[in-house]
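protein-v6.cif follows; it contains mmCIF, C-alpha atoms.
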data_work
#
loop_
_atom_site.label_atom_id
_atom_site.label_comp_id
_atom_site.auth_asym_id
_atom_site.auth_seq_id
_atom_site.Cartn_x
_atom_site.Cartn_y
_atom_site.Cartn_z
CA MET A 1 70.62 93.61 77.24
CA ARG A 2 68.53 96.59 77.81
CA SER A 3 65.05 97.53 76.73
CA ALA A 4 63.79 100.88 77.77
CA PHE A 5 60.06 101.15 78.11
CA SER A 6 57.71 103.77 79.33
CA LEU A 7 55.57 103.57 82.38
CA ALA A 8 53.03 106.25 83.08
CA ILE A 9 54.15 109.75 82.35
CA VAL A 10 53.31 111.99 85.23
CA GLY A 11 52.01 114.98 83.37
CA GLY A 12 50.43 118.30 84.09
CA GLY A 13 53.13 119.57 86.39
CA LEU A 14 54.07 122.46 84.20
CA ALA A 15 50.99 124.41 85.17
CA ALA A 16 51.41 123.83 88.88
CA THR A 17 51.84 127.26 90.39
CA PRO A 18 50.08 130.28 89.00
CA LEU A 19 51.96 133.59 88.87
CA MET A 20 55.26 131.78 88.83
CA ALA A 21 57.76 133.12 86.39
CA ALA A 22 59.11 129.98 84.77
CA ASP A 23 58.94 126.26 85.09
CA LEU A 24 61.43 123.45 84.71
CA SER A 25 60.75 119.76 84.30
CA LEU A 26 62.83 116.74 83.50
CA THR A 27 61.66 113.50 81.94
CA LEU A 28 64.01 110.73 82.90
CA GLN A 29 64.13 107.18 81.64
CA VAL A 30 65.52 104.56 83.99
CA PRO A 31 66.38 101.61 81.75
CA GLN A 32 65.27 98.08 82.42
CA LEU A 33 68.43 96.02 82.73
CA ASN A 34 68.64 92.30 82.34
CA VAL A 35 71.20 91.60 85.02
CA ALA A 36 71.48 88.92 87.67
CA GLU A 37 71.47 91.37 90.57
CA TYR A 38 69.51 94.54 89.98
CA HIS A 39 69.36 97.50 92.30
CA ARG A 40 67.70 100.75 91.38
CA PRO A 41 70.24 103.42 90.54
CA TYR A 42 71.05 106.28 92.82
CA ILE A 43 70.51 109.45 90.81
CA ALA A 44 71.60 113.03 91.45
CA ILE A 45 70.31 115.96 89.42
CA TRP A 46 71.87 119.36 89.85
CA LEU A 47 72.72 122.60 88.09
CA GLU A 48 76.21 123.87 87.37
CA LYS A 49 77.39 127.36 86.54
CA ALA A 50 79.47 128.01 83.44
CA ASP A 51 82.68 127.43 85.47
CA GLY A 52 81.53 123.96 86.51
CA THR A 53 80.78 124.78 90.14
CA ALA A 54 77.46 123.73 91.61
CA ALA A 55 74.59 126.19 91.30
CA GLY A 56 72.13 124.10 93.29
CA ASP A 57 70.65 120.66 93.76
CA LEU A 58 67.42 119.52 92.18
CA ALA A 59 67.21 115.91 93.32
CA ALA A 60 69.18 113.20 95.07
CA LEU A 61 67.36 109.90 94.70
CA TYR A 62 68.69 107.20 96.99
CA ASP A 63 67.59 104.66 99.53
CA VAL A 64 66.22 107.24 101.94
CA LYS A 65 64.16 104.74 103.93
CA LYS A 66 66.99 102.42 104.91
CA ALA A 67 67.54 102.12 108.67
CA ASP A 68 70.19 104.37 110.25
CA GLN A 69 70.54 106.34 107.02
CA GLU A 70 72.54 103.43 105.69
CA GLY A 71 71.63 104.49 102.13
CA GLU A 72 73.81 107.58 102.47
CA LYS A 73 76.86 105.31 102.66
CA TRP A 74 76.72 104.86 98.88
CA LEU A 75 76.17 108.48 97.88
CA LYS A 76 79.92 108.83 97.34
CA ASP A 77 79.44 106.64 94.25
CA LEU A 78 77.66 109.59 92.62
CA ARG A 79 81.17 110.89 92.63
CA GLN A 80 80.80 114.10 90.64
CA TRP A 81 77.76 115.17 92.61
CA TRP A 82 79.40 114.11 95.85
CA ARG A 83 82.42 116.26 95.12
CA LYS A 84 80.56 119.28 93.84
CA SER A 85 77.69 119.35 96.27
CA GLY A 86 76.74 116.22 98.22
CA ARG A 87 79.68 116.18 100.60
CA ASN A 88 78.81 119.68 101.77
CA LEU A 89 75.20 118.87 102.61
CA THR A 90 73.53 117.73 105.78
CA LEU A 91 71.34 114.88 104.59
CA PRO A 92 68.53 114.37 103.97
CA VAL A 93 67.80 117.68 102.24
CA ASP A 94 64.15 118.65 102.22
CA GLY A 95 62.86 118.89 98.65
CA VAL A 96 66.02 117.29 97.23
CA SER A 97 66.39 113.87 98.89
CA GLY A 98 63.92 111.37 97.52
CA ALA A 99 63.37 107.68 96.90
CA THR A 100 64.96 105.76 94.04
CA LYS A 101 62.90 105.22 90.88
CA PRO A 102 62.09 101.89 89.27
CA PRO A 103 62.76 101.26 85.57
CA GLY A 104 60.45 103.38 83.45
CA THR A 105 59.92 106.99 82.50
CA HIS A 106 59.53 109.55 85.24
CA THR A 107 58.79 113.24 85.07
CA LEU A 108 60.26 115.41 87.77
CA ASN A 109 58.99 118.96 88.19
CA PHE A 110 61.43 121.43 89.60
CA GLY A 111 59.35 124.60 89.23
CA ALA A 112 58.68 124.67 92.97
CA SER A 113 62.25 123.77 93.94
CA LYS A 114 64.08 126.25 96.16
CA THR A 115 67.06 126.00 93.84
CA VAL A 116 65.03 127.00 90.77
CA LYS A 117 63.10 129.73 92.56
CA ALA A 118 66.33 131.34 93.71
CA LEU A 119 68.25 130.76 90.47
CA PRO A 120 69.82 133.97 89.12
CA PRO A 121 69.51 134.52 85.35
CA GLY A 122 72.32 132.91 83.41
CA ALA A 123 73.64 129.98 81.43
CA TYR A 124 73.69 126.68 83.31
CA THR A 125 74.28 123.01 82.74
CA LEU A 126 71.86 120.49 84.15
CA VAL A 127 73.68 117.32 85.16
CA VAL A 128 72.15 113.91 85.75
CA GLU A 129 74.42 111.32 87.35
CA ALA A 130 73.35 107.74 87.98
CA ALA A 131 75.25 105.02 89.84
CA ARG A 132 73.97 101.54 90.48
CA GLU A 133 75.06 99.12 93.17
CA VAL A 134 77.12 96.32 91.56
CA GLY A 135 76.48 98.14 88.30
CA GLY A 136 77.84 101.08 86.37
CA ARG A 137 77.75 104.83 86.46
CA GLU A 138 76.70 107.36 83.84
CA MET A 139 76.50 111.11 83.73
CA LEU A 140 74.58 113.23 81.20
CA LYS A 141 74.55 116.99 80.70
CA LEU A 142 72.04 119.37 79.16
CA PRO A 143 72.37 123.13 78.64
CA LEU A 144 69.89 125.45 80.31
CA GLN A 145 69.37 129.15 79.74
CA TRP A 146 67.54 130.65 82.70
CA PRO A 147 64.99 132.10 82.62
CA PRO A 148 63.87 130.70 79.26
CA ALA A 149 62.64 133.19 76.64
CA ALA A 150 60.44 130.58 75.01
CA LEU A 151 59.66 126.93 75.63
CA ALA A 152 63.02 125.22 75.35
CA THR A 153 63.34 121.46 75.15
CA GLN A 154 66.64 119.59 75.17
CA SER A 155 67.22 115.87 75.02
CA VAL A 156 70.10 113.52 75.49
CA LYS A 157 70.21 109.75 75.58
CA GLY A 158 72.25 107.64 77.91
CA ALA A 159 73.95 104.42 76.88
CA THR A 160 74.11 102.32 80.02
CA GLU A 161 72.56 103.51 83.27
CA LEU A 162 70.24 106.17 81.86
CA GLY A 163 67.84 106.21 78.94
CA ALA A 164 66.45 109.34 77.30
CA VAL A 165 66.57 112.47 79.42
CA THR A 166 64.53 115.49 78.32
CA LEU A 167 64.65 118.88 79.92
CA ALA A 168 61.79 121.31 79.34
CA ALA A 169 62.13 124.93 80.41
CA LYS A 170 58.95 126.98 80.09
CA PRO A 171 58.62 130.73 80.52
CA MET B 15 113.30 84.24 114.87
CA SER B 16 112.29 87.07 117.13
CA LEU B 17 110.62 90.08 115.59
CA LYS B 18 113.76 92.10 116.19
CA SER B 19 116.02 89.64 114.44
CA ARG B 20 113.48 89.23 111.66
CA LEU B 21 113.62 92.96 111.15
CA ALA B 22 117.40 92.98 111.29
CA PHE B 23 117.55 90.08 108.86
CA ALA B 24 115.13 91.80 106.50
CA ALA B 25 117.20 94.97 106.69
CA ALA B 26 120.40 93.08 105.94
CA LEU B 27 118.69 91.31 103.09
CA ALA B 28 117.47 94.63 101.78
CA VAL B 29 121.03 95.92 101.71
CA ALA B 30 122.27 92.82 99.95
CA VAL B 31 119.53 92.90 97.37
CA ALA B 32 119.78 96.61 96.89
CA VAL B 33 123.35 96.71 95.68
CA PRO B 34 122.83 95.82 92.04
CA LEU B 35 119.63 97.83 91.86
CA SER B 36 120.49 101.29 93.02
CA ALA B 37 116.85 102.36 93.00
CA SER B 38 115.79 99.19 94.74
CA ALA B 39 112.41 99.66 95.98
CA HIS B 40 111.31 98.74 99.39
CA ARG B 41 108.42 101.08 99.51
CA ALA B 42 106.52 101.72 102.65
CA TRP B 43 102.86 102.50 102.26
CA ILE B 44 99.64 102.94 104.15
CA LEU B 45 96.80 102.05 101.82
CA PRO B 46 93.17 102.73 102.77
CA SER B 47 90.47 100.85 100.86
CA PHE B 48 88.56 104.13 100.47
CA THR B 49 89.59 107.76 100.89
CA VAL B 50 86.32 109.53 100.09
CA LEU B 51 83.32 108.48 102.14
CA SER B 52 79.69 109.36 102.65
CA GLY B 53 77.17 108.41 105.29
CA ASP B 54 77.38 109.02 109.02
CA ASP B 55 79.02 105.78 110.15
CA PRO B 56 81.63 104.68 107.62
CA TRP B 57 84.50 102.30 108.31
CA VAL B 58 87.62 101.91 106.21
CA GLY B 59 89.98 98.95 106.13
CA VAL B 60 93.64 99.86 105.81
CA ASP B 61 96.71 97.84 104.81
CA ALA B 62 100.22 98.94 105.73
CA ALA B 63 103.33 97.26 104.44
CA ILE B 64 106.80 97.57 103.02
CA SER B 65 106.85 95.94 99.62
CA ASN B 66 108.79 95.75 96.41
CA GLU B 67 105.78 95.90 94.14
CA LEU B 68 103.85 98.97 95.11
CA PHE B 69 100.64 98.32 97.04
CA TYR B 70 101.06 94.54 96.80
CA PRO B 71 102.22 93.11 100.10
CA ASP B 72 105.23 90.97 99.19
CA HIS B 73 107.91 91.72 101.73
CA PHE B 74 107.19 92.92 105.23
CA PRO B 75 104.31 94.26 107.33
CA MET B 76 104.46 97.79 108.67
CA GLN B 77 104.19 97.55 112.43
CA ALA B 78 100.76 98.86 113.42
CA LYS B 79 102.02 100.08 116.78
CA ASN B 80 104.01 102.79 115.03
CA LEU B 81 100.93 104.06 113.29
CA LYS B 82 98.53 106.60 114.63
CA VAL B 83 95.43 108.32 113.39
CA ILE B 84 94.67 111.99 113.81
CA THR B 85 90.95 112.77 113.75
CA PRO B 86 89.43 115.84 112.05
CA ASP B 87 89.57 117.82 115.32
CA GLY B 88 93.31 117.19 115.65
CA GLU B 89 93.06 114.57 118.41
CA GLU B 90 94.68 111.17 118.28
CA GLY B 91 92.08 108.54 117.41
CA GLN B 92 91.81 104.78 117.51
CA LEU B 93 92.93 102.24 114.96
CA GLU B 94 90.81 99.16 115.49
CA ASN B 95 91.11 95.44 114.78
CA ALA B 96 94.84 95.65 114.11
CA VAL B 97 96.43 92.45 112.86
CA VAL B 98 100.01 91.93 111.75
CA GLY B 99 100.18 89.42 108.95
CA LYS B 100 103.10 87.88 107.16
CA TYR B 101 103.38 90.65 104.60
CA ARG B 102 101.05 93.37 105.76
CA SER B 103 99.43 94.95 108.76
CA THR B 104 95.73 95.58 108.58
CA PHE B 105 93.47 97.68 110.74
CA ASP B 106 90.18 99.51 110.59
CA LEU B 107 89.38 103.17 110.94
CA HIS B 108 85.91 104.07 112.17
CA LEU B 109 85.14 107.57 110.95
CA THR B 110 82.91 108.69 113.79
CA LYS B 111 83.25 112.39 112.97
CA PRO B 112 82.90 114.21 109.67
CA GLY B 113 86.03 115.67 108.08
CA THR B 114 89.55 114.62 107.14
CA TYR B 115 91.58 112.01 109.06
CA LYS B 116 95.30 111.41 108.77
CA ILE B 117 97.01 108.09 109.36
CA VAL B 118 100.70 108.64 109.95
CA GLN B 119 103.80 106.70 110.80
CA GLU B 120 106.53 108.90 112.17
CA ASN B 121 109.72 107.02 112.53
CA GLY B 122 112.80 109.02 113.37
CA GLN B 123 113.39 111.22 110.36
CA SER B 124 110.85 109.61 108.11
CA ARG B 125 107.17 110.33 107.85
CA ASN B 126 104.59 108.29 106.01
CA GLU B 127 101.00 109.49 105.68
CA THR B 128 97.65 108.96 104.10
CA PHE B 129 94.38 110.86 104.30
CA ILE B 130 90.74 109.81 104.46
CA THR B 131 87.70 112.07 104.43
CA ARG B 132 84.12 111.56 105.50
CA GLY B 133 81.89 114.25 104.00
CA ALA B 134 83.50 117.59 103.21
CA PRO B 135 87.31 117.78 103.40
CA THR B 136 88.73 119.69 106.38
CA THR B 137 92.24 121.00 106.99
CA THR B 138 93.08 120.57 110.69
CA VAL B 139 95.14 117.41 110.09
CA LEU B 140 97.01 119.10 107.24
CA LYS B 141 98.73 121.59 109.55
CA THR B 142 102.48 121.16 109.40
CA THR B 143 104.64 120.99 112.51
CA GLY B 144 107.86 122.65 111.33
CA LYS B 145 109.79 119.46 112.07
CA GLY B 146 111.46 117.28 109.48
CA LEU B 147 110.30 116.93 105.89
CA GLU B 148 106.61 117.69 105.47
CA LEU B 149 104.11 118.16 102.69
CA GLN B 150 101.95 121.24 102.87
CA ALA B 151 98.79 120.66 100.86
CA VAL B 152 97.61 123.47 98.62
CA THR B 153 95.22 121.08 96.90
CA HIS B 154 93.42 118.96 99.47
CA PRO B 155 94.77 115.37 99.38
CA ASN B 156 91.23 113.98 99.29
CA ASP B 157 90.19 116.19 96.40
CA LEU B 158 92.43 114.77 93.69
CA VAL B 159 90.97 114.01 90.28
CA ALA B 160 92.58 112.56 87.16
CA GLY B 161 93.40 115.23 84.59
CA GLU B 162 93.43 118.00 87.17
CA PRO B 163 96.60 119.55 88.57
CA ALA B 164 97.32 119.31 92.28
CA LYS B 165 99.76 121.61 94.07
CA PHE B 166 101.79 120.88 97.19
CA ILE B 167 104.74 122.47 98.98
CA PHE B 168 107.59 120.57 100.59
CA LEU B 169 108.90 122.03 103.82
CA LEU B 170 112.08 121.06 105.63
CA ASN B 171 111.91 122.09 109.27
CA GLY B 172 109.24 124.57 108.31
CA GLN B 173 111.23 126.17 105.47
CA PRO B 174 110.57 125.67 101.75
CA ALA B 175 112.54 122.68 100.43
CA ALA B 176 113.71 123.95 97.03
CA ASP B 177 115.01 121.83 94.17
CA LEU B 178 113.89 118.64 95.83
CA GLU B 179 113.19 115.66 93.62
CA VAL B 180 109.71 114.25 94.14
CA THR B 181 108.82 110.78 92.89
CA VAL B 182 105.24 109.87 92.14
CA LEU B 183 104.41 106.28 91.35
CA PRO B 184 101.05 104.81 90.37
CA GLY B 185 99.90 101.49 91.80
CA ALA B 186 98.72 98.49 89.79
CA SER B 187 102.15 98.10 88.15
CA ARG B 188 101.45 94.40 87.74
CA TYR B 189 99.11 95.25 84.89
CA ARG B 190 101.48 97.22 82.74
CA ASP B 191 105.05 96.95 81.52
CA GLN B 192 106.53 100.21 82.77
CA PRO B 193 106.52 101.59 86.30
CA GLY B 194 105.01 104.87 85.10
CA GLU B 195 107.11 106.90 87.49
CA ILE B 196 106.71 110.69 87.46
CA LYS B 197 109.55 112.85 88.74
CA VAL B 198 109.23 116.56 89.44
CA LYS B 199 111.46 119.08 91.20
CA THR B 200 110.22 121.58 93.72
CA ALA B 201 110.53 125.28 92.87
CA ALA B 202 112.35 127.85 95.00
CA ASP B 203 109.27 128.14 97.21
CA GLY B 204 109.19 124.36 97.71
CA SER B 205 106.10 123.99 95.54
CA PHE B 206 105.40 121.49 92.82
CA THR B 207 102.40 120.52 90.72
CA ILE B 208 101.32 117.09 89.59
CA LYS B 209 98.77 116.59 86.86
CA TRP B 210 97.36 113.16 87.63
CA PRO B 211 97.52 111.07 84.44
CA GLU B 212 94.86 108.59 85.51
CA PRO B 213 92.71 107.65 88.47
CA GLY B 214 94.04 105.23 91.05
CA TYR B 215 96.26 105.07 94.09
CA PHE B 216 99.56 106.93 93.89
CA TRP B 217 102.62 106.84 96.10
CA LEU B 218 104.58 110.05 96.56
CA ASN B 219 108.04 110.23 98.04
CA ALA B 220 110.86 112.69 98.55
CA SER B 221 114.05 112.19 100.47
CA ILE B 222 116.93 114.40 101.43
CA ARG B 223 120.12 112.46 101.78
CA PRO B 224 122.85 113.33 104.22
CA PRO B 225 126.00 115.13 103.03
CA ARG B 226 128.23 112.84 101.02
CA THR B 227 131.58 114.26 102.00
CA GLU B 228 134.28 111.58 102.26
CA THR B 229 131.90 108.83 101.04
CA THR B 230 132.91 106.20 98.58
CA THR B 231 130.41 104.81 96.13
CA ALA B 232 129.85 101.84 98.37
CA ALA B 233 129.27 104.04 101.37
CA ALA B 234 126.87 106.17 99.42
CA LYS B 235 124.94 103.06 98.58
CA ASP B 236 124.82 102.25 102.24
CA HIS B 237 123.23 105.60 102.84
CA ASP B 238 120.64 104.88 100.22
CA ASP B 239 119.89 101.64 101.88
CA ASP B 240 119.63 103.32 105.22
CA ASP B 241 116.75 105.26 103.80
CA HIS B 242 115.04 102.03 103.00
CA ASP B 243 115.89 100.64 106.38
CA ASP B 244 113.89 103.46 107.83
CA HIS B 245 110.89 101.86 106.23
CA ASP B 246 111.97 98.31 106.82
CA ALA B 247 112.85 98.41 110.45
CA PRO B 248 110.73 100.76 112.48
CA ARG B 249 112.56 101.57 115.69
CA PRO B 250 109.87 101.86 118.32
CA ALA B 251 112.41 102.86 120.95
CA ALA B 252 113.67 105.84 118.97
CA PRO B 253 112.52 109.10 120.49
CA PRO B 254 110.46 111.41 118.31
CA PRO B 255 112.55 113.95 116.43
CA GLN B 256 113.37 117.05 118.40
CA ALA B 257 113.39 120.42 116.72
CA GLY B 258 116.83 121.26 118.09
CA GLN B 259 118.29 118.02 116.88
CA GLN B 260 117.35 118.83 113.32
CA SER B 261 118.26 122.48 113.14
CA GLY B 262 121.73 122.05 111.62
CA PRO B 263 122.07 122.47 107.89
CA GLY B 264 118.39 122.84 107.26
CA ALA B 265 118.63 125.63 104.73
CA PRO B 266 116.13 125.36 101.88
CA GLY B 267 117.15 122.66 99.51
CA ALA B 268 120.29 121.87 101.40
CA PRO B 269 121.01 118.25 102.14
CA GLY B 270 121.19 117.24 105.73
CA GLY B 271 119.06 117.99 108.70
CA GLY B 272 119.45 114.43 109.84
CA ARG B 273 121.95 112.43 111.78
CA ARG B 274 125.04 111.46 109.95
CA GLY B 275 124.30 108.59 107.61
CA ARG B 276 120.55 109.09 107.61
CA GLY B 277 118.38 111.27 105.45
CA VAL B 278 114.94 112.61 106.00
CA SER B 279 112.09 111.28 103.95
CA TYR B 280 108.44 111.90 103.37
CA THR B 281 106.01 109.43 101.84
CA ALA B 282 102.29 109.63 101.21
CA THR B 283 99.64 107.52 99.53
CA PHE B 284 96.93 109.37 97.66
CA GLU B 285 93.83 108.24 95.84
CA VAL B 286 93.10 110.02 92.60
CA MET B 287 89.46 109.81 91.59
CA GLN B 288 88.03 109.40 88.14
CA PRO B 289 86.25 112.61 87.06
#

Representation of the structure as structure tokens:
Amino acid sequence: MRSAFSLAIVGGGLAATPLMAADLSLTLQVPQLNVAEYHRPYIAIWLEKADGTAAGDLAALYDVKKADQEGEKWLKDLRQWWRKSGRNLTLPVDGVSGATKPPGTHTLNFGASKTVKALPPGAYTLVVEAAREVGGREMLKLPLQWPPAALATQSVKGATELGAVTLAAKP
Amino acid sequence: MSLKSRLAFAAALAVAVAVPLSASAHRAWILPSFTVLSGDDPWVGVDAAISNELFYPDHFPMQAKNLKVITPDGEEGQLENAVVGKYRSTFDLHLTKPGTYKIVQENGQSRNETFITRGAPTTTVLKTTGKGLELQAVTHPNDLVAGEPAKFIFLLNGQPAADLEVTVLPGASRYRDQPGEIKVKTAADGSFTIKWPEPGYFWLNASIRPPRTETTTAAAKDHDDDDHDDHDAPRPAAPPPQAGQQSGPGAPGAPGGGRRGRGVSYTATFEVMQP
């Protein structure tokens, strides 16, 4: 059914801002799916505290360009994110709301994100949730110690709506 | 047949059918197609009926004119595109404001509710009135998730309804062999907790029957059926319940609080989300 392949890897982001304490980037594979009706998945990426409550949003990728903010109608399908964070937001959120991604591998740099810049030291979970119109839903989690003492890389692989997801935290 | 005689006939039939099945189930429900919504212009289609099989219209439509919607700011809103079908009423709710809406049918001593939220849940529509049997939400009714406990408090005329039996029934019974009924009793403070076993729509009901002094078994059955009649035959002409009328034996957990031969009942439909 599904063959994941890599498009260009957007690199170099880790060195973006000089004098910044630490950097965080996520490499995310959106699988190519052989289905009759394909729509790009909506994807939310956020951080949770040890108790499972939201610590901040990193990205909400949905159909931001649709007329009358019609794309927001389906954000409820990212149901964990919607419950923990999305429903409390006024959308779109600058620096969080973004366009959907096509199949392929994408690198997202969060070093400049307000959430990361303001993140208190501690143990977190990074959550990636994907939901696709007339398709499925999948959620993956990766641990994150912040700030990182050394370069820390974590990977997890999705089975249906997400491919490999790699989180790199760099001091 | 006129609507009135149809209703009367259905009520009579309900009594006749109910006799061998003491827990005969004409369940009244208001079922929204979604309860958790995003976006700034969502609509929700709603079905309302009295059925035997829960959430499958197979018996009688709930009359839309007895239904009202309370918007997140506490005002009465509009139910649109109402149609009364053979077995169900349908209508639309346009969620023009963010927050929690309540759709309610208040019918004499019975109350039947459901809740729908656009964006973040709000609590204005959850305020209780101190009249009749009411559910006070500790857990928000649009924040229910399978595997998590949810806490509520039953109030009778504003006082905790202790030792009250609460029935919780999942929908989709057609696809399993057993009804899957959950029964819990309220504590002294009227509270109870449900740990949702699975996601889906659930129907919650509690009733307080009138005193059964001098009743024979047959008469007691009649009383049971009266409860169902409340659902079956909405009485549009009946005045709304008055506080004074219900004061009577309204002590916590005590039966009564209604007219002779009629109990008070509370019903709600909830959607439990998958984690």

Could you list, as a PyMOL selection string, every residue of chain A that has an atom within 10 Å of an atom of chain B, counting all atoms listed in the file? chain A and resi 68-77+79-80+82-91

Shell around Pro75 (chain B) at 9 Å using only C-alpha atoms, local window under 4 positions removed, as a PyMOL selection string: chain B and resi 61-65+71+98-104+246

When the PyMOL selection byres ((chain A and resi 126-136) around 8) is applied to the structure above, which residues does it catch, written out as a list in words?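 With the PyMOL selection byres ((chain A and resi 126-136) around 8) on this model, the match is Glu37, Tyr38, His39, Arg40, Pro41, Tyr42, Ile43, Ala44, Ile45, Trp46, Leu47, Glu48, Asp77, Leu78, Gln80, Trp81, Tyr124, Thr125, Arg137, Glu138, Met139, Leu140, Lys141, Leu142, Pro143, Leu144, Thr160, Glu161 and Leu162 of chain A.
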
Skipping near chain neighbours, those fewer than 4 positions away, what residues fall within 9 Å of Leu183 (chain B) using all atoms listed in the file, listed as a PyMOL selection string? chain B and resi 68+193-197+215-219

Expand the PyMOL selection byres ((chain B and resi 200) around 10) into the individual residues it matches in the shown file, reporting them as an MDAnalysis selection string. chainID B and resid 166:168 174:180 198:199 201:207 267

If I put a ball of radius 6 Å at (67.5, 109.6, 84.4) in the file's coordinates, which residues poke into it when counting all atoms listed in the file, written as number ranges by chain? A: 28-30, 162, 165

Which neighbours of Ala160 (chain B) fall inside 6 Å, counting all atoms listed in the file, when residues of the same chain fewer than 2 positions from it are skipped, and could you give them as a ChimeraX atom specification? /B:162,210-213,288

Going by the chain IDs and residue numbers used in this file, which residues fall under the PyMOL selection byres ((chain A and resi 115-123) around 7)? Write them as a PyMOL selection string. chain A and resi 49-50+56-58+110-114+124+144-147

Could you please determine the separation between CA of Pro86 (chain B) and CA of Thr114 (chain B) in Å, to one decimal place?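 Calculated distance between CA of Pro86 (chain B) and CA of Thr114 (chain B) is 5.1 Å.
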
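One distance worth recording is that between CA of His154 (chain B) and CA of Asp63 (chain A), which is 29.5 Å.
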
Counting all atoms listed in the file, select every polymer residue within 10 Å of (94.8, 112.4, 111.9) as defined in the file's coordinates, and provide the selection as an NGL selection string. :B and (82-92 or 114-118 or 127-130 or 138-140)

CA of Val58 (chain B) to CA of Asn95 (chain B), distance in Å rounded to a single decimal: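 Going from CA of Val58 (chain B) over to CA of Asn95 (chain B), I get 11.3 Å.
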
So that I can check the surroundings of region 97-99 of chain A, please list as a VMD selection string every protein, DNA and RNA residue that reaches within 7 Å of it, counting all atoms listed in the file and ignoring chain neighbours fewer than 6 positions away. chain A and resid 59 to 64
